[in-house]
$ cat upload_7.cif   # mmCIF, C-alpha atoms
data_model
loop_
_atom_site.group_PDB
_atom_site.id
_atom_site.type_symbol
_atom_site.label_atom_id
_atom_site.label_comp_id
_atom_site.auth_asym_id
_atom_site.auth_seq_id
_atom_site.Cartn_x
_atom_site.Cartn_y
_atom_site.Cartn_z
ATOM 1 C CA MET O 1 -19.371 20.633 -14.896
ATOM 2 C CA SER O 2 -19.412 23.332 -17.593
ATOM 3 C CA PHE O 3 -17.547 21.019 -19.978
ATOM 4 C CA PHE O 4 -20.049 18.251 -19.287
ATOM 5 C CA GLN O 5 -23.005 20.569 -19.820
ATOM 6 C CA LYS O 6 -21.515 21.929 -23.038
ATOM 7 C CA LYS O 7 -20.947 18.424 -24.364
ATOM 8 C CA ILE O 8 -24.414 17.164 -23.356
ATOM 9 C CA ASN O 9 -25.997 20.391 -24.677
ATOM 10 C CA LYS O 10 -29.128 20.260 -22.513
ATOM 11 C CA ASN O 11 -30.359 21.352 -19.098
ATOM 12 C CA LEU O 12 -28.478 19.307 -16.462
ATOM 13 C CA CYS O 13 -31.735 18.521 -14.701
ATOM 14 C CA TYR O 14 -32.977 16.638 -17.754
ATOM 15 C CA VAL O 15 -29.900 14.533 -18.436
ATOM 16 C CA SER O 16 -30.668 10.813 -18.867
ATOM 17 C CA PRO O 17 -28.509 7.770 -18.025
ATOM 18 C CA GLU O 18 -28.039 7.244 -21.770
ATOM 19 C CA ASP O 19 -26.650 10.792 -22.076
ATOM 20 C CA VAL O 20 -24.127 10.066 -19.315
ATOM 21 C CA ARG O 21 -23.061 6.749 -20.846
ATOM 22 C CA GLU O 22 -22.555 8.405 -24.228
ATOM 23 C CA TYR O 23 -20.567 11.203 -22.630
ATOM 24 C CA LEU O 24 -18.266 8.796 -20.748
ATOM 25 C CA CYS O 25 -17.767 6.662 -23.854
ATOM 26 C CA ASP O 26 -16.882 9.698 -25.995
ATOM 27 C CA TYR O 27 -14.599 11.082 -23.273
ATOM 28 C CA GLN O 28 -12.586 7.860 -23.144
ATOM 29 C CA LYS O 29 -12.249 7.756 -26.929
ATOM 30 C CA ILE O 30 -11.173 11.398 -27.220
ATOM 31 C CA HIS O 31 -8.752 11.472 -24.272
ATOM 32 C CA ASN O 32 -7.661 7.821 -24.385
ATOM 33 C CA CYS O 33 -7.886 7.747 -20.578
ATOM 34 C CA THR O 34 -7.735 4.769 -18.247
ATOM 35 C CA SER O 35 -10.707 3.141 -16.549
ATOM 36 C CA VAL O 36 -9.533 4.672 -13.249
ATOM 37 C CA THR O 37 -9.717 8.207 -14.688
ATOM 38 C CA LEU O 38 -13.099 7.521 -16.260
ATOM 39 C CA ASP O 39 -14.478 6.203 -12.972
ATOM 40 C CA ASN O 40 -13.228 9.348 -11.209
ATOM 41 C CA ILE O 41 -15.314 11.399 -13.639
ATOM 42 C CA ARG O 42 -18.296 9.151 -12.919
ATOM 43 C CA ARG O 43 -17.851 9.753 -9.177
ATOM 44 C CA ILE O 44 -17.740 13.541 -9.705
ATOM 45 C CA LEU O 45 -20.964 13.418 -11.699
ATOM 46 C CA SER O 46 -22.550 11.187 -9.039
ATOM 47 C CA SER O 47 -21.636 13.659 -6.291
ATOM 48 C CA PHE O 48 -23.059 16.541 -8.302
ATOM 49 C CA TYR O 49 -26.370 14.821 -8.981
ATOM 50 C CA ARG O 50 -26.610 13.639 -5.378
ATOM 51 C CA TRP O 51 -26.332 17.313 -4.356
ATOM 52 C CA LEU O 52 -29.086 18.253 -6.821
ATOM 53 C CA GLU O 53 -31.333 15.606 -5.251
ATOM 54 C CA GLN O 54 -30.570 16.774 -1.706
ATOM 55 C CA GLU O 55 -31.377 20.365 -2.657
ATOM 56 C CA ASP O 56 -34.639 19.257 -4.311
ATOM 57 C CA PHE O 57 -33.635 20.517 -7.755
ATOM 58 C CA ILE O 58 -34.434 17.076 -9.141
ATOM 59 C CA ILE O 59 -36.309 14.048 -7.843
ATOM 60 C CA LYS O 60 -34.022 11.339 -9.203
ATOM 61 C CA GLY O 61 -30.696 11.778 -10.986
ATOM 62 C CA PRO O 62 -29.351 9.739 -13.926
ATOM 63 C CA MET O 63 -26.337 8.394 -12.010
ATOM 64 C CA VAL O 64 -28.346 5.796 -10.073
ATOM 65 C CA ARG O 65 -28.172 3.522 -13.093
ATOM 66 C CA ILE O 66 -24.514 4.253 -13.882
ATOM 67 C CA HIS O 67 -22.414 1.619 -12.144
ATOM 68 C CA LYS O 68 -18.793 1.773 -11.076
ATOM 69 C CA ILE O 69 -16.322 1.359 -13.931
ATOM 70 C CA LYS O 70 -14.084 -1.579 -13.142
ATOM 71 C CA SER O 71 -10.349 -1.437 -13.756
ATOM 72 C CA PRO O 72 -8.270 -4.392 -14.958
ATOM 73 C CA VAL O 73 -6.719 -6.354 -12.100
ATOM 74 C CA LYS O 74 -2.954 -5.987 -12.003
ATOM 75 C CA ILE O 75 -0.917 -9.134 -11.513
ATOM 76 C CA LYS O 76 1.221 -8.730 -8.429
ATOM 77 C CA PRO O 77 4.971 -9.289 -8.854
ATOM 78 C CA VAL O 78 6.179 -12.682 -7.669
ATOM 79 C CA LEU O 79 9.766 -13.372 -6.650
ATOM 80 C CA THR O 80 11.596 -16.477 -7.783
ATOM 81 C CA ASP O 81 13.488 -18.601 -5.244
ATOM 82 C CA GLU O 82 16.750 -17.234 -6.647
ATOM 83 C CA GLU O 83 15.593 -13.623 -6.276
ATOM 84 C CA ILE O 84 14.493 -14.205 -2.678
ATOM 85 C CA GLU O 85 17.886 -15.620 -1.746
ATOM 86 C CA LEU O 86 19.681 -12.808 -3.584
ATOM 87 C CA ILE O 87 17.656 -10.192 -1.677
ATOM 88 C CA ARG O 88 18.342 -11.927 1.650
ATOM 89 C CA LYS O 89 22.059 -12.238 0.870
ATOM 90 C CA THR O 90 22.264 -8.527 0.025
ATOM 91 C CA ALA O 91 20.395 -7.545 3.205
ATOM 92 C CA ALA O 92 22.550 -9.830 5.382
ATOM 93 C CA PHE O 93 25.275 -7.177 5.689
ATOM 94 C CA SER O 94 23.032 -5.462 8.242
ATOM 95 C CA ARG O 95 21.316 -7.406 11.059
ATOM 96 C CA ARG O 96 18.513 -4.866 11.025
ATOM 97 C CA ASN O 97 17.952 -4.975 7.264
ATOM 98 C CA PHE O 98 18.145 -8.773 7.279
ATOM 99 C CA ALA O 99 15.413 -8.907 9.935
ATOM 100 C CA ILE O 100 13.309 -6.376 8.011
ATOM 101 C CA ILE O 101 13.470 -8.383 4.775
ATOM 102 C CA ASP O 102 12.674 -11.689 6.477
ATOM 103 C CA LEU O 103 9.766 -10.178 8.424
ATOM 104 C CA LEU O 104 8.268 -8.624 5.281
ATOM 105 C CA LEU O 105 8.685 -11.852 3.328
ATOM 106 C CA SER O 106 7.397 -14.079 6.098
ATOM 107 C CA SER O 107 4.392 -12.038 7.238
ATOM 108 C CA GLY O 108 3.325 -10.105 4.144
ATOM 109 C CA ILE O 109 2.743 -6.892 6.142
ATOM 110 C CA ARG O 110 3.006 -3.435 4.584
ATOM 111 C CA VAL O 111 5.981 -1.118 5.085
ATOM 112 C CA SER O 112 3.705 1.343 6.898
ATOM 113 C CA GLU O 113 2.667 -1.449 9.275
ATOM 114 C CA LEU O 114 6.249 -2.565 9.840
ATOM 115 C CA HIS O 115 7.192 1.034 10.692
ATOM 116 C CA LYS O 116 4.635 1.062 13.552
ATOM 117 C CA LEU O 117 5.844 -2.163 15.166
ATOM 118 C CA SER O 118 7.250 -1.888 18.686
ATOM 119 C CA ARG O 119 9.100 -4.400 20.815
ATOM 120 C CA ASN O 120 6.029 -5.077 22.919
ATOM 121 C CA THR O 121 3.954 -5.940 19.835
ATOM 122 C CA ILE O 122 6.274 -8.850 18.985
ATOM 123 C CA ASP O 123 5.863 -12.273 20.578
ATOM 124 C CA LEU O 124 9.000 -14.210 19.633
ATOM 125 C CA GLU O 125 7.964 -17.290 21.538
ATOM 126 C CA ASN O 126 4.737 -17.733 19.559
ATOM 127 C CA ARG O 127 6.139 -16.030 16.429
ATOM 128 C CA THR O 128 3.354 -13.453 16.178
ATOM 129 C CA CYS O 129 3.096 -9.684 16.073
ATOM 130 C CA ILE O 130 0.247 -7.211 16.463
ATOM 131 C CA VAL O 131 -0.100 -5.020 13.394
ATOM 132 C CA TYR O 132 -1.996 -1.728 13.204
ATOM 133 C CA GLY O 133 -3.254 -1.078 9.680
ATOM 134 C CA LYS O 134 -5.510 1.507 8.067
ATOM 135 C CA GLY O 135 -8.083 3.073 10.348
ATOM 136 C CA ALA O 136 -6.141 1.848 13.398
ATOM 137 C CA LYS O 137 -7.460 -1.661 12.743
ATOM 138 C CA GLN O 138 -5.549 -4.256 14.731
ATOM 139 C CA ARG O 139 -4.721 -7.787 13.621
ATOM 140 C CA GLU O 140 -2.356 -10.579 14.564
ATOM 141 C CA VAL O 141 0.080 -11.917 11.961
ATOM 142 C CA TYR O 142 2.524 -14.800 12.044
ATOM 143 C CA PHE O 143 6.129 -15.177 10.956
ATOM 144 C CA ASP O 144 8.374 -18.217 10.533
ATOM 145 C CA VAL O 145 11.244 -19.635 12.575
ATOM 146 C CA ARG O 146 13.912 -18.091 10.389
ATOM 147 C CA THR O 147 12.440 -14.622 10.965
ATOM 148 C CA LYS O 148 12.310 -15.297 14.699
ATOM 149 C CA VAL O 149 16.052 -16.074 14.693
ATOM 150 C CA GLU O 150 16.890 -12.918 12.724
ATOM 151 C CA LEU O 151 14.792 -10.746 15.040
ATOM 152 C CA GLU O 152 16.485 -12.267 18.093
ATOM 153 C CA ASN O 153 19.926 -11.646 16.577
ATOM 154 C CA TYR O 154 19.022 -8.047 15.795
ATOM 155 C CA LEU O 155 17.505 -7.242 19.203
ATOM 156 C CA LYS O 156 20.391 -8.942 21.026
ATOM 157 C CA PHE O 157 22.805 -6.315 19.701
ATOM 158 C CA ARG O 158 20.537 -3.334 20.359
ATOM 159 C CA ARG O 159 21.948 -1.097 23.105
ATOM 160 C CA ASP O 160 19.229 1.548 23.073
ATOM 161 C CA LYS O 161 15.982 1.745 25.038
ATOM 162 C CA ASN O 162 13.766 2.872 22.168
ATOM 163 C CA LYS O 163 10.456 0.983 22.174
ATOM 164 C CA ALA O 164 10.404 0.792 18.362
ATOM 165 C CA LEU O 165 11.181 -2.594 16.836
ATOM 166 C CA PHE O 166 13.370 -1.087 14.112
ATOM 167 C CA VAL O 167 15.497 2.001 14.673
ATOM 168 C CA THR O 168 18.103 3.992 12.782
ATOM 169 C CA GLU O 169 21.673 2.702 12.832
ATOM 170 C CA ARG O 170 22.939 6.184 13.598
ATOM 171 C CA LYS O 171 21.853 8.317 16.528
ATOM 172 C CA LYS O 172 19.243 10.818 15.400
ATOM 173 C CA LEU O 173 17.499 12.275 18.453
ATOM 174 C CA LYS O 174 18.775 15.267 20.443
ATOM 175 C CA ASN O 175 19.467 13.117 23.465
ATOM 176 C CA GLY O 176 21.834 10.998 21.384
ATOM 177 C CA SER O 177 19.584 7.959 21.106
ATOM 178 C CA PHE O 178 18.339 6.152 18.040
ATOM 179 C CA SER O 179 14.980 7.002 16.467
ATOM 180 C CA ARG O 180 12.214 4.813 15.065
ATOM 181 C CA LEU O 181 12.883 3.868 11.468
ATOM 182 C CA SER O 182 10.577 5.952 9.276
ATOM 183 C CA VAL O 183 8.556 4.692 6.324
ATOM 184 C CA ASN O 184 10.773 6.710 3.974
ATOM 185 C CA LEU O 185 13.941 5.128 5.361
ATOM 186 C CA ILE O 186 12.490 1.616 5.117
ATOM 187 C CA GLU O 187 11.503 2.296 1.505
ATOM 188 C CA LYS O 188 15.021 3.615 0.830
ATOM 189 C CA ILE O 189 16.517 0.405 2.266
ATOM 190 C CA LEU O 190 14.332 -1.637 -0.084
ATOM 191 C CA ARG O 191 15.191 0.575 -3.073
ATOM 192 C CA ASP O 192 18.905 0.225 -2.326
ATOM 193 C CA ILE O 193 18.563 -3.552 -2.145
ATOM 194 C CA GLY O 194 16.674 -3.452 -5.448
ATOM 195 C CA THR O 195 19.461 -1.419 -7.052
ATOM 196 C CA ARG O 196 22.181 -3.770 -5.819
ATOM 197 C CA THR O 197 20.337 -6.912 -6.852
ATOM 198 C CA GLU O 198 18.876 -5.379 -10.046
ATOM 199 C CA ILE O 199 15.426 -6.586 -8.981
ATOM 200 C CA SER O 200 12.692 -4.066 -9.738
ATOM 201 C CA ASN O 201 10.087 -2.993 -7.190
ATOM 202 C CA VAL O 202 11.445 -4.964 -4.241
ATOM 203 C CA GLN O 203 8.931 -3.315 -1.882
ATOM 204 C CA SER O 204 5.898 -4.823 -3.640
ATOM 205 C CA SER O 205 7.663 -8.077 -4.426
ATOM 206 C CA VAL O 206 8.649 -8.954 -0.858
ATOM 207 C CA ARG O 207 5.111 -8.372 0.381
ATOM 208 C CA PHE O 208 3.466 -10.610 -2.211
ATOM 209 C CA GLY O 209 6.240 -13.170 -2.105
ATOM 210 C CA HIS O 210 5.588 -14.110 1.516
ATOM 211 C CA GLN O 211 3.363 -17.123 0.757
ATOM 212 C CA LYS O 212 6.131 -18.640 -1.337
ATOM 213 C CA PHE O 213 8.663 -17.812 1.366
ATOM 214 C CA LEU O 214 6.645 -19.771 3.935
ATOM 215 C CA CYS O 215 6.461 -22.939 1.846
#

$ encode --input "upload_7.cif" --output "structure tokens"
Amino acid sequence: MSFFQKKINKNLCYVSPEDVREYLCDYQKIHNCTSVTLDNIRRILSSFYRWLEQEDFIIKGPMVRIHKIKSPVKIKPVLTDEEIELIRKTAAFSRRNFAIIDLLLSSGIRVSELHKLSRNTIDLENRTCIVYGKGAKQREVYFDVRTKVELENYLKFRRDKNKALFVTERKKLKNGSFSRLSVNLIEKILRDIGTRTEISNVQSSVRFGHQKFLC
């Protein structure tokens, strides 16, 4: 806040919305920062002035009239039909990885959500699964027939009793059993597939390519 006060050059209790707008505009020009960074500064100033109001140092702060700074919307990567088939062909060397790729493509779920899936959250007959997202929010998602077949093929050859839907291919636990596939390992699988196929950012691409995959 000292930098802000020095730049504004007035008592912080008497700062106007125009002063804040001028400060943010000058800051962006000087530092050539992104809209995300600039909005973070706005949020810091808002928190500070909200505290001043709560402590009765001021009646109304200048940040009430300073709205959120919007960032440009990024276009999500979209896979071509050829790239989808190349990814699937590369993953086909492992029943588990093949099922992972098809489930991600078909359902559009996140890697973190896929990691939490257990056998009892999958309904192969109705081709649905229960997904637990952020804040433990639960929702039902659907997958296609091809994914159902790959999941059946994968589970048919599982010889462990782990409740997780996807497990390591090598025994990891002290009792000699397989462990639930971690988020890091799933991301590594996707990175490896990306390296072999020379397709960048496979993790984001498979999630946002699921609508095309279903057609």

$ closest_residue --input "upload_7.cif" --among "O:Glu150, O:Leu12, O:Asn120, O:Asn162" --to "Leu52 of chain O" --atoms "all atoms listed in the file"
O:Leu12

$ closest_residue --input "upload_7.cif" --among "O:Gln28, O:Asn9, O:Ser16, O:Ser35" --to "Gly61 of chain O" --atoms "only C-alpha atoms"
O:Ser16

$ closest_residue --input "upload_7.cif" --among "O:Ile58, O:Ile44, O:Val141, O:Met63" --to "Glu18 of chain O" --atoms "all atoms listed in the file"
O:Met63

$ resolve_selection --input "upload_7.cif" --expression "the PyMOL selection byres ((chain O and resi 149) around 12)" --output "list in words"
Arg95, Phe98, Ala99, Asp102, Leu103, Leu124, Glu125, Arg127, Phe143, Asp144, Val145, Arg146, Thr147, Lys148, Glu150, Leu151, Glu152, Asn153, Tyr154, Leu155 and Lys156 of chain O

$ atom_distance --input "upload_7.cif" --atom1 "atom CA of Ala91 of chain O" --atom2 "atom CA of Thr197 of chain O"
10.1 Å

$ atom_distance --input "upload_7.cif" --atom1 "atom CA of Cys25 of chain O" --atom2 "atom CA of Trp51 of chain O"
23.8 Å

$ resolve_selection --input "upload_7.cif" --expression "the PyMOL selection byres ((chain O and resi 194) around 12)" --output "ChimeraX atom specification"
/O:83-84,86-88,90-91,101,187-193,195-206

$ write_last_selection --input "upload_7.cif" --atoms "C-alpha atoms" --output "PDB file, in the coordinates of the input"
ATOM      1  CA  GLU O  83      15.593 -13.623  -6.276  1.00  0.00           C
ATOM      2  CA  ILE O  84      14.493 -14.205  -2.678  1.00  0.00           C
ATOM      3  CA  LEU O  86      19.681 -12.808  -3.584  1.00  0.00           C
ATOM      4  CA  ILE O  87      17.656 -10.192  -1.677  1.00  0.00           C
ATOM      5  CA  ARG O  88      18.342 -11.927   1.650  1.00  0.00           C
ATOM      6  CA  THR O  90      22.264  -8.527   0.025  1.00  0.00           C
ATOM      7  CA  ALA O  91      20.395  -7.545   3.205  1.00  0.00           C
ATOM      8  CA  ILE O 101      13.470  -8.383   4.775  1.00  0.00           C
ATOM      9  CA  GLU O 187      11.503   2.296   1.505  1.00  0.00           C
ATOM     10  CA  LYS O 188      15.021   3.615   0.830  1.00  0.00           C
ATOM     11  CA  ILE O 189      16.517   0.405   2.266  1.00  0.00           C
ATOM     12  CA  LEU O 190      14.332  -1.637  -0.084  1.00  0.00           C
ATOM     13  CA  ARG O 191      15.191   0.575  -3.073  1.00  0.00           C
ATOM     14  CA  ASP O 192      18.905   0.225  -2.326  1.00  0.00           C
ATOM     15  CA  ILE O 193      18.563  -3.552  -2.145  1.00  0.00           C
ATOM     16  CA  THR O 195      19.461  -1.419  -7.052  1.00  0.00           C
ATOM     17  CA  ARG O 196      22.181  -3.770  -5.819  1.00  0.00           C
ATOM     18  CA  THR O 197      20.337  -6.912  -6.852  1.00  0.00           C
ATOM     19  CA  GLU O 198      18.876  -5.379 -10.046  1.00  0.00           C
ATOM     20  CA  ILE O 199      15.426  -6.586  -8.981  1.00  0.00           C
ATOM     21  CA  SER O 200      12.692  -4.066  -9.738  1.00  0.00           C
ATOM     22  CA  ASN O 201      10.087  -2.993  -7.190  1.00  0.00           C
ATOM     23  CA  VAL O 202      11.445  -4.964  -4.241  1.00  0.00           C
ATOM     24  CA  GLN O 203       8.931  -3.315  -1.882  1.00  0.00           C
ATOM     25  CA  SER O 204       5.898  -4.823  -3.640  1.00  0.00           C
ATOM     26  CA  SER O 205       7.663  -8.077  -4.426  1.00  0.00           C
ATOM     27  CA  VAL O 206       8.649  -8.954  -0.858  1.00  0.00           C
TER      28      VAL O 206
END

$ closest_residue --input "upload_7.cif" --among "O:Tyr14, O:Tyr132, O:Phe157, O:Tyr142" --to "Ile59 of chain O" --atoms "only C-alpha atoms"
O:Tyr14

$ closest_residue --input "upload_7.cif" --among "O:Lys60, O:Arg65, O:Arg21, O:Lys70" --to "Thr34 of chain O" --atoms "all atoms listed in the file"
O:Lys70

$ atom_distance --input "upload_7.cif" --atom1 "atom CA of Asp39 of chain O" --atom2 "atom CA of Ser71 of chain O"
8.7 Å

$ residues_around --input "upload_7.cif" --residues "Lys161 of chain O" --least-positions-apart "2" --cutoff "10 Å" --atoms "all atoms listed in the file" --output "ChimeraX atom specification"
/O:158-159,163-164,177-178

$ build_atoms --input "upload_7.cif" --residues "segment 178-191 of chain O" --atoms "N, CA and C atoms" --output "compact mmCIF listing (two decimals), in the coordinates of the input"
# COMPACT_ATOMS: atom_id res chain seq x y z
N PHE O 178 18.79 6.50 19.38
CA PHE O 178 18.34 6.15 18.04
C PHE O 178 16.85 6.46 17.91
N SER O 179 16.39 6.69 16.69
CA SER O 179 14.98 7.00 16.47
C SER O 179 14.30 5.88 15.69
N ARG O 180 12.99 5.82 15.80
CA ARG O 180 12.21 4.81 15.06
C ARG O 180 12.48 4.96 13.57
N LEU O 181 12.64 3.85 12.90
CA LEU O 181 12.88 3.87 11.47
C LEU O 181 11.62 4.33 10.75
N SER O 182 11.74 5.39 9.96
CA SER O 182 10.58 5.95 9.28
C SER O 182 10.21 5.13 8.04
N VAL O 183 9.01 5.37 7.54
CA VAL O 183 8.56 4.69 6.32
C VAL O 183 9.49 5.02 5.16
N ASN O 184 9.88 6.29 5.07
CA ASN O 184 10.77 6.71 3.97
C ASN O 184 12.12 5.98 4.02
N LEU O 185 12.66 5.81 5.23
CA LEU O 185 13.94 5.13 5.36
C LEU O 185 13.81 3.63 5.04
N ILE O 186 12.71 3.03 5.45
CA ILE O 186 12.49 1.62 5.12
C ILE O 186 12.38 1.45 3.60
N GLU O 187 11.64 2.35 2.96
CA GLU O 187 11.50 2.30 1.50
C GLU O 187 12.85 2.51 0.82
N LYS O 188 13.69 3.38 1.40
CA LYS O 188 15.02 3.62 0.83
C LYS O 188 15.88 2.35 0.94
N ILE O 189 15.78 1.66 2.08
CA ILE O 189 16.52 0.40 2.27
C ILE O 189 16.12 -0.60 1.18
N LEU O 190 14.83 -0.70 0.92
CA LEU O 190 14.33 -1.64 -0.08
C LEU O 190 14.75 -1.22 -1.49
N ARG O 191 14.74 0.10 -1.76
CA ARG O 191 15.19 0.57 -3.07
C ARG O 191 16.67 0.28 -3.28
